[in-house]
Amino acid sequence: DRFHGRPFNVGGGQAVSVSLRELTDACRAVAGRTVPIAADPTTRDADIPYYVSDTSRLQDACGWRPTRTVERILEDMHRWLTGHAETLRPVFAG
């Protein structure tokens with residue numbers, strides 16, 4: 001009953017937040033390569049300048065807290081993506 005019909009945000013929260021610059025650097029470290037990235041100073045209506053999930057409702061309801069680091073999540077994603085490269089090739093080809 002404590003979960004029925006209640007929406008919850010699930011994310012890293014403030015303690016595990018990461019900027020786009022930090023995330024880019026972490027991706028480079030995990031992948032071992034660099035992809036050129038260009039800046040576009042134009043702000044669009046849908047741009048979100050800052051977002052951190054507020055997970056307090058979920059924490060209050062069941063005590064859940066994030067336990068994995070950004071680096072660990074990226075390592076797992078990289079391992080999965082490279083392990084499924086052939087299957088994913090048509091998806092990324094457009």
# chains A, B, ... in the order shown; residues from 1 in each chain; ligands from 1

call {"tool": "residues_around", "arguments": {"residues": "range 7-20 of chain A", "least_positions_apart": "3", "cutoff": "7 Å", "atoms": "only C-alpha atoms", "output": "list in words"}}
result
Leu23, Thr24, Val52, Ser53, Asp54, Thr55, Arg57, Leu58 and Pro66 of chain A

call {"tool": "write_last_selection", "arguments": {"atoms": "all heavy atoms", "output": "short mmCIF file (atom, residue, chain, number, x, y, z; two decimals), in the first residue's frame"}}
result
data_model
loop_
_atom_site.label_atom_id
_atom_site.label_comp_id
_atom_site.auth_asym_id
_atom_site.auth_seq_id
_atom_site.Cartn_x
_atom_site.Cartn_y
_atom_site.Cartn_z
N LEU A 23 30.94 14.12 -16.78
CA LEU A 23 30.46 12.91 -17.44
C LEU A 23 31.23 12.65 -18.72
O LEU A 23 31.61 11.51 -19.02
CB LEU A 23 28.96 13.02 -17.73
CG LEU A 23 28.29 11.78 -18.29
CD1 LEU A 23 28.42 10.61 -17.33
CD2 LEU A 23 26.83 12.07 -18.59
N THR A 24 31.51 13.69 -19.48
CA THR A 24 32.29 13.56 -20.70
C THR A 24 33.69 13.02 -20.39
O THR A 24 34.17 12.09 -21.04
CB THR A 24 32.41 14.91 -21.43
OG1 THR A 24 31.09 15.34 -21.79
CG2 THR A 24 33.26 14.81 -22.67
N VAL A 52 18.85 17.54 -10.82
CA VAL A 52 19.24 16.47 -9.92
C VAL A 52 17.97 15.85 -9.40
O VAL A 52 17.07 16.55 -8.93
CB VAL A 52 20.10 16.99 -8.74
CG1 VAL A 52 20.41 15.89 -7.76
CG2 VAL A 52 21.39 17.62 -9.25
N SER A 53 17.86 14.53 -9.49
CA SER A 53 16.66 13.85 -9.02
C SER A 53 16.49 14.01 -7.52
O SER A 53 17.44 13.85 -6.76
CB SER A 53 16.74 12.35 -9.34
OG SER A 53 16.81 12.13 -10.72
N ASP A 54 15.27 14.31 -7.10
CA ASP A 54 14.94 14.34 -5.68
C ASP A 54 14.35 12.98 -5.33
O ASP A 54 13.20 12.69 -5.65
CB ASP A 54 13.94 15.46 -5.38
CG ASP A 54 13.54 15.51 -3.92
OD1 ASP A 54 14.02 14.68 -3.11
OD2 ASP A 54 12.72 16.37 -3.57
N THR A 55 15.13 12.14 -4.71
CA THR A 55 14.72 10.76 -4.41
C THR A 55 14.19 10.62 -2.98
O THR A 55 14.00 9.51 -2.51
CB THR A 55 15.90 9.80 -4.62
OG1 THR A 55 16.96 10.18 -3.75
CG2 THR A 55 16.38 9.83 -6.05
N ARG A 57 11.26 10.95 -1.54
CA ARG A 57 10.02 10.18 -1.34
C ARG A 57 10.29 8.68 -1.34
O ARG A 57 9.75 7.94 -0.52
CB ARG A 57 8.99 10.52 -2.41
CG ARG A 57 8.38 11.90 -2.22
CD ARG A 57 7.32 12.19 -3.25
NE ARG A 57 6.15 11.34 -2.97
CZ ARG A 57 5.15 11.20 -3.80
NH1 ARG A 57 5.15 11.82 -4.96
NH2 ARG A 57 4.12 10.45 -3.49
N LEU A 58 11.13 8.23 -2.27
CA LEU A 58 11.46 6.82 -2.33
C LEU A 58 12.29 6.42 -1.11
O LEU A 58 12.07 5.36 -0.52
CB LEU A 58 12.22 6.49 -3.62
CG LEU A 58 12.57 5.03 -3.85
CD1 LEU A 58 11.31 4.16 -3.86
CD2 LEU A 58 13.33 4.88 -5.15
N PRO A 66 20.99 5.33 -3.68
CA PRO A 66 21.89 4.88 -4.75
C PRO A 66 23.18 4.32 -4.15
O PRO A 66 23.69 4.86 -3.16
CB PRO A 66 22.16 6.14 -5.57
CG PRO A 66 21.79 7.28 -4.69
CD PRO A 66 20.79 6.78 -3.71
#

call {"tool": "closest_residue", "arguments": {"among": "A:Asp60, A:Arg2, A:Val30, A:Asp25", "to": "Glu75 in chain A", "atoms": "only C-alpha atoms"}}
result
A:Val30

call {"tool": "residues_around", "arguments": {"residues": "Arg21 in chain A", "least_positions_apart": "6", "cutoff": "12 Å", "atoms": "only C-alpha atoms", "output": "PDB file with all heavy atoms, in the first residue's frame"}}
result
ATOM      1  N   CYS A  27      33.434   9.352 -19.411  1.00  0.00           N
ATOM      2  CA  CYS A  27      33.204   8.508 -20.595  1.00  0.00           C
ATOM      3  C   CYS A  27      34.505   8.302 -21.363  1.00  0.00           C
ATOM      4  O   CYS A  27      34.798   7.193 -21.829  1.00  0.00           O
ATOM      5  CB  CYS A  27      32.151   9.123 -21.508  1.00  0.00           C
ATOM      6  SG  CYS A  27      30.465   9.004 -20.885  1.00  0.00           S
ATOM      7  N   ARG A  28      35.280   9.363 -21.505  1.00  0.00           N
ATOM      8  CA  ARG A  28      36.574   9.245 -22.189  1.00  0.00           C
ATOM      9  C   ARG A  28      37.481   8.267 -21.461  1.00  0.00           C
ATOM     10  O   ARG A  28      38.169   7.453 -22.080  1.00  0.00           O
ATOM     11  CB  ARG A  28      37.238  10.612 -22.284  1.00  0.00           C
ATOM     12  CG  ARG A  28      36.594  11.527 -23.280  1.00  0.00           C
ATOM     13  CD  ARG A  28      37.236  12.895 -23.286  1.00  0.00           C
ATOM     14  NE  ARG A  28      36.639  13.722 -24.325  1.00  0.00           N
ATOM     15  CZ  ARG A  28      36.619  15.025 -24.308  1.00  0.00           C
ATOM     16  NH1 ARG A  28      37.177  15.697 -23.316  1.00  0.00           N
ATOM     17  NH2 ARG A  28      36.042  15.700 -25.285  1.00  0.00           N
ATOM     18  N   ILE A  37      33.843  17.049 -29.620  1.00  0.00           N
ATOM     19  CA  ILE A  37      32.606  17.638 -29.119  1.00  0.00           C
ATOM     20  C   ILE A  37      32.666  19.135 -29.384  1.00  0.00           C
ATOM     21  O   ILE A  37      33.655  19.785 -29.066  1.00  0.00           O
ATOM     22  CB  ILE A  37      32.430  17.383 -27.611  1.00  0.00           C
ATOM     23  CG1 ILE A  37      32.342  15.879 -27.350  1.00  0.00           C
ATOM     24  CG2 ILE A  37      31.197  18.103 -27.081  1.00  0.00           C
ATOM     25  CD1 ILE A  37      32.319  15.513 -25.890  1.00  0.00           C
ATOM     26  N   ALA A  39      30.869  23.025 -29.034  1.00  0.00           N
ATOM     27  CA  ALA A  39      29.998  23.809 -28.160  1.00  0.00           C
ATOM     28  C   ALA A  39      28.980  24.564 -28.997  1.00  0.00           C
ATOM     29  O   ALA A  39      29.268  24.990 -30.110  1.00  0.00           O
ATOM     30  CB  ALA A  39      30.831  24.787 -27.347  1.00  0.00           C
TER      31      ALA A  39
END

call {"tool": "residues_around", "arguments": {"residues": "Asp1 in chain A", "least_positions_apart": "5", "cutoff": "12 Å", "atoms": "only C-alpha atoms", "output": "list in words"}}
result
Arg6, Ala61 and Cys62 of chain A

call {"tool": "write_last_selection", "arguments": {"atoms": "C-alpha atoms", "output": "tab-separated table (two decimals), in the first residue's frame"}}
result
chain	number	residue	atom	x	y	z
A	6	ARG	CA	2.62	6.92	-5.86
A	61	ALA	CA	9.06	4.97	1.66
A	62	CYS	CA	11.58	2.15	1.65

call {"tool": "select_by_dssp", "arguments": {"residues": "chain A", "states": "helix (DSSP H, G or I)", "output": "number ranges by chain"}}
result
A: 14-16, 20-31, 56-62, 70-83, 85-93

call {"tool": "write_last_selection", "arguments": {"atoms": "N, CA and C atoms", "output": "short mmCIF file (atom, residue, chain, number, x, y, z; two decimals), in the first residue's frame"}}
result
data_model
loop_
_atom_site.label_atom_id
_atom_site.label_comp_id
_atom_site.auth_asym_id
_atom_site.auth_seq_id
_atom_site.Cartn_x
_atom_site.Cartn_y
_atom_site.Cartn_z
N GLN A 14 21.60 14.45 -5.15
CA GLN A 14 22.68 15.43 -5.01
C GLN A 14 24.03 14.78 -4.73
N ALA A 15 24.05 13.73 -3.92
CA ALA A 15 25.31 13.10 -3.53
C ALA A 15 26.05 12.46 -4.69
N VAL A 16 25.34 12.09 -5.74
CA VAL A 16 25.97 11.40 -6.87
C VAL A 16 25.74 12.16 -8.17
N LEU A 20 27.88 17.73 -17.06
CA LEU A 20 28.15 17.19 -18.39
C LEU A 20 29.65 17.12 -18.67
N ARG A 21 30.41 18.09 -18.19
CA ARG A 21 31.87 18.08 -18.37
C ARG A 21 32.47 16.87 -17.64
N GLU A 22 32.05 16.64 -16.39
CA GLU A 22 32.56 15.50 -15.63
C GLU A 22 32.16 14.18 -16.29
N LEU A 23 30.94 14.12 -16.78
CA LEU A 23 30.46 12.91 -17.44
C LEU A 23 31.23 12.65 -18.72
N THR A 24 31.51 13.69 -19.48
CA THR A 24 32.29 13.56 -20.70
C THR A 24 33.69 13.02 -20.39
N ASP A 25 34.33 13.58 -19.37
CA ASP A 25 35.66 13.12 -18.98
C ASP A 25 35.63 11.67 -18.50
N ALA A 26 34.59 11.30 -17.75
CA ALA A 26 34.47 9.92 -17.26
C ALA A 26 34.24 8.95 -18.42
N CYS A 27 33.43 9.35 -19.41
CA CYS A 27 33.20 8.51 -20.59
C CYS A 27 34.51 8.30 -21.36
N ARG A 28 35.28 9.36 -21.51
CA ARG A 28 36.57 9.25 -22.19
C ARG A 28 37.48 8.27 -21.46
N ALA A 29 37.50 8.33 -20.14
CA ALA A 29 38.35 7.45 -19.35
C ALA A 29 37.91 5.99 -19.49
N VAL A 30 36.62 5.73 -19.45
CA VAL A 30 36.11 4.37 -19.55
C VAL A 30 36.32 3.81 -20.95
N ALA A 31 36.01 4.60 -21.97
CA ALA A 31 36.10 4.12 -23.35
C ALA A 31 37.54 4.11 -23.87
N SER A 56 13.91 11.73 -2.31
CA SER A 56 13.53 11.68 -0.89
C SER A 56 12.24 10.89 -0.65
N ARG A 57 11.26 10.95 -1.54
CA ARG A 57 10.02 10.18 -1.34
C ARG A 57 10.29 8.68 -1.34
N LEU A 58 11.13 8.23 -2.27
CA LEU A 58 11.46 6.82 -2.33
C LEU A 58 12.29 6.42 -1.11
N GLN A 59 13.23 7.27 -0.73
CA GLN A 59 14.04 6.99 0.46
C GLN A 59 13.16 6.89 1.70
N ASP A 60 12.20 7.79 1.83
CA ASP A 60 11.29 7.76 2.98
C ASP A 60 10.40 6.52 2.97
N ALA A 61 9.98 6.10 1.78
CA ALA A 61 9.06 4.97 1.66
C ALA A 61 9.73 3.62 1.94
N CYS A 62 10.98 3.48 1.51
CA CYS A 62 11.58 2.15 1.65
C CYS A 62 13.06 2.15 2.02
N VAL A 70 29.03 6.77 -10.58
CA VAL A 70 28.91 7.10 -11.99
C VAL A 70 29.90 6.26 -12.80
N GLU A 71 31.12 6.14 -12.30
CA GLU A 71 32.15 5.37 -13.02
C GLU A 71 31.72 3.92 -13.18
N ARG A 72 31.15 3.33 -12.16
CA ARG A 72 30.71 1.93 -12.24
C ARG A 72 29.59 1.77 -13.26
N ILE A 73 28.65 2.70 -13.25
CA ILE A 73 27.54 2.65 -14.20
C ILE A 73 28.07 2.77 -15.63
N LEU A 74 29.00 3.70 -15.86
CA LEU A 74 29.58 3.87 -17.20
C LEU A 74 30.36 2.64 -17.63
N GLU A 75 31.10 2.04 -16.71
CA GLU A 75 31.84 0.81 -17.03
C GLU A 75 30.88 -0.30 -17.45
N ASP A 76 29.78 -0.46 -16.71
CA ASP A 76 28.79 -1.48 -17.06
C ASP A 76 28.16 -1.20 -18.41
N MET A 77 27.82 0.07 -18.66
CA MET A 77 27.22 0.44 -19.95
C MET A 77 28.20 0.17 -21.09
N HIS A 78 29.45 0.56 -20.91
CA HIS A 78 30.47 0.35 -21.95
C HIS A 78 30.66 -1.14 -22.23
N ARG A 79 30.72 -1.92 -21.18
CA ARG A 79 30.89 -3.38 -21.35
C ARG A 79 29.70 -3.96 -22.12
N TRP A 80 28.48 -3.52 -21.79
CA TRP A 80 27.30 -4.04 -22.47
C TRP A 80 27.29 -3.59 -23.93
N LEU A 81 27.56 -2.31 -24.18
CA LEU A 81 27.54 -1.79 -25.54
C LEU A 81 28.59 -2.47 -26.43
N THR A 82 29.79 -2.63 -25.91
CA THR A 82 30.83 -3.29 -26.72
C THR A 82 30.53 -4.77 -26.89
N GLY A 83 29.92 -5.39 -25.89
CA GLY A 83 29.55 -6.81 -25.99
C GLY A 83 28.41 -7.07 -26.97
N ALA A 85 27.90 -4.99 -29.77
CA ALA A 85 28.19 -4.06 -30.87
C ALA A 85 27.57 -4.50 -32.19
N GLU A 86 27.68 -5.77 -32.52
CA GLU A 86 27.14 -6.24 -33.80
C GLU A 86 25.63 -6.10 -33.85
N THR A 87 24.96 -6.42 -32.78
CA THR A 87 23.51 -6.28 -32.73
C THR A 87 23.08 -4.83 -32.83
N LEU A 88 23.86 -3.94 -32.22
CA LEU A 88 23.52 -2.52 -32.18
C LEU A 88 23.94 -1.74 -33.43
N ARG A 89 24.84 -2.29 -34.22
CA ARG A 89 25.35 -1.57 -35.38
C ARG A 89 24.26 -1.00 -36.29
N PRO A 90 23.21 -1.77 -36.64
CA PRO A 90 22.14 -1.18 -37.48
C PRO A 90 21.39 -0.04 -36.79
N VAL A 91 21.26 -0.11 -35.49
CA VAL A 91 20.56 0.94 -34.75
C VAL A 91 21.33 2.24 -34.83
N PHE A 92 22.65 2.17 -34.64
CA PHE A 92 23.47 3.38 -34.65
C PHE A 92 23.75 3.88 -36.06
N ALA A 93 23.58 3.01 -37.06
CA ALA A 93 23.81 3.41 -38.45
C ALA A 93 22.70 4.32 -38.95
#

call {"tool": "decode", "arguments": {"residues": "range 18-68 of chain A", "atoms": "C-alpha atoms", "output": "mmCIF file, in the first residue's frame"}}
result
data_model
loop_
_atom_site.group_PDB
_atom_site.id
_atom_site.type_symbol
_atom_site.label_atom_id
_atom_site.label_comp_id
_atom_site.auth_asym_id
_atom_site.auth_seq_id
_atom_site.Cartn_x
_atom_site.Cartn_y
_atom_site.Cartn_z
ATOM 1 C CA VAL A 18 27.651 14.869 -12.193
ATOM 2 C CA SER A 19 28.073 17.733 -14.641
ATOM 3 C CA LEU A 20 28.150 17.194 -18.393
ATOM 4 C CA ARG A 21 31.869 18.076 -18.367
ATOM 5 C CA GLU A 22 32.562 15.502 -15.628
ATOM 6 C CA LEU A 23 30.459 12.909 -17.438
ATOM 7 C CA THR A 24 32.294 13.560 -20.705
ATOM 8 C CA ASP A 25 35.662 13.116 -18.978
ATOM 9 C CA ALA A 26 34.471 9.918 -17.263
ATOM 10 C CA CYS A 27 33.204 8.508 -20.595
ATOM 11 C CA ARG A 28 36.574 9.245 -22.189
ATOM 12 C CA ALA A 29 38.353 7.448 -19.352
ATOM 13 C CA VAL A 30 36.111 4.369 -19.548
ATOM 14 C CA ALA A 31 36.101 4.119 -23.351
ATOM 15 C CA GLY A 32 39.770 4.979 -23.715
ATOM 16 C CA ARG A 33 39.087 7.302 -26.609
ATOM 17 C CA THR A 34 38.029 10.837 -27.422
ATOM 18 C CA VAL A 35 35.210 11.933 -29.688
ATOM 19 C CA PRO A 36 35.202 15.541 -30.887
ATOM 20 C CA ILE A 37 32.606 17.638 -29.119
ATOM 21 C CA ALA A 38 31.563 21.095 -30.263
ATOM 22 C CA ALA A 39 29.998 23.809 -28.160
ATOM 23 C CA ASP A 40 26.765 25.520 -29.069
ATOM 24 C CA PRO A 41 26.136 28.528 -26.835
ATOM 25 C CA THR A 42 22.524 28.842 -28.001
ATOM 26 C CA THR A 43 20.033 28.190 -25.231
ATOM 27 C CA ARG A 44 16.918 26.399 -26.403
ATOM 28 C CA ASP A 45 13.491 26.392 -24.717
ATOM 29 C CA ALA A 46 13.820 22.718 -23.757
ATOM 30 C CA ASP A 47 17.365 23.006 -22.346
ATOM 31 C CA ILE A 48 17.593 22.110 -18.669
ATOM 32 C CA PRO A 49 20.456 24.057 -17.096
ATOM 33 C CA TYR A 50 20.535 21.972 -13.912
ATOM 34 C CA TYR A 51 18.754 18.788 -12.870
ATOM 35 C CA VAL A 52 19.245 16.474 -9.917
ATOM 36 C CA SER A 53 16.656 13.847 -9.023
ATOM 37 C CA ASP A 54 14.941 14.337 -5.677
ATOM 38 C CA THR A 55 14.718 10.764 -4.406
ATOM 39 C CA SER A 56 13.531 11.677 -0.891
ATOM 40 C CA ARG A 57 10.019 10.181 -1.340
ATOM 41 C CA LEU A 58 11.464 6.817 -2.329
ATOM 42 C CA GLN A 59 14.037 6.989 0.461
ATOM 43 C CA ASP A 60 11.288 7.763 2.984
ATOM 44 C CA ALA A 61 9.055 4.967 1.660
ATOM 45 C CA CYS A 62 11.585 2.146 1.653
ATOM 46 C CA GLY A 63 15.044 3.390 2.547
ATOM 47 C CA TRP A 64 16.422 3.054 -1.007
ATOM 48 C CA ARG A 65 19.623 4.947 -1.693
ATOM 49 C CA PRO A 66 21.894 4.880 -4.753
ATOM 50 C CA THR A 67 24.885 2.617 -4.208
ATOM 51 C CA ARG A 68 26.672 2.625 -7.565
#
